[in-house]
Amino acid sequence: MTSEQAPQLTRAQSLIWTGQQLHPGAPLYNMVLAYRIAASIDESLFRSAFADLVAATDALRTVFRSDGADVSRIVLDTAPTEL
C-alpha cells in the first residue's frame, strides 16, 4: 500500500491520539452501532459496496504513525476491505 504525504494531526485527532496513548487499554472514542436487516443480502454486492465506501472515504483509510516525538496521519491509497 502506498500513501500520500503525512500531514500533522488536526487538533481533534491530536486529542484522540493523546487520550489513547494515556489509556492504551481503554476503548476511548469507540461507538458501536448495529443494524438488523430483515431481508436477504447479496454478499458479493454488499462486499463491493463496502469496498467502494472505503475507497471513497479517506477517514476509513487513515492511519497514524509516530516516531516517538511527532505523530502524523497518512491516508492510504488502498486499504484492506475485508469484512
# chains A, B, ... in the order shown; residues from 1 in each chain; ligands from 1
$ select_by_dssp --residues "chain A" --states "strand (DSSP E or B)" --output "list of chain:residue names"
A:Ser3, A:Gln8, A:Thr62, A:Val63, A:Phe64, A:Arg65, A:Ser66, A:Val71, A:Ser72, A:Arg73, A:Ile74, A:Val75, A:Leu76
$ residues_around --residues "segment 54-63 of chain A" --least-positions-apart "2" --cutoff "6 Å" --atoms "only C-alpha atoms" --output "ChimeraX atom specification"
/A:51-52,73-76,79
$ write_last_selection --atoms "C-alpha atoms" --output "short mmCIF file (atom, residue, chain, number, x, y, z; two decimals), in the first residue's frame"
data_model
loop_
_atom_site.label_atom_id
_atom_site.label_comp_id
_atom_site.auth_asym_id
_atom_site.auth_seq_id
_atom_site.Cartn_x
_atom_site.Cartn_y
_atom_site.Cartn_z
CA ALA A 51 -15.07 -1.65 -0.89
CA ASP A 52 -16.49 1.38 -2.74
CA ARG A 73 -1.61 10.94 9.71
CA ILE A 74 -1.35 9.04 6.49
CA VAL A 75 -4.21 8.40 4.08
CA LEU A 76 -3.57 5.08 2.38
CA ALA A 79 -6.84 -0.33 2.43
#
$ select_by_dssp --residues "chain A" --states "helix (DSSP H, G or I)" --output "ChimeraX atom specification"
/A:11-22,43-56,58-61
$ closest_residue --among "A:Leu28, A:Leu53, A:Leu9, A:Leu45" --to "Ser66 of chain A" --atoms "only C-alpha atoms"
A:Leu9
$ atom_distance --atom1 "atom CA of Ala12 of chain A" --atom2 "atom CA of Phe50 of chain A"
26.2 Å
$ closest_residue --among "A:Met31, A:Ala39, A:Val71, A:Ala49" --to "Arg11 of chain A" --atoms "only C-alpha atoms"
A:Val71
$ atom_distance --atom1 "atom CA of Ser44 of chain A" --atom2 "atom CA of Glu82 of chain A"
11.8 Å
$ closest_residue --among "A:Ala38, A:Phe64, A:Pro80, A:Ala69" --to "Gln20 of chain A" --atoms "only C-alpha atoms"
A:Phe64
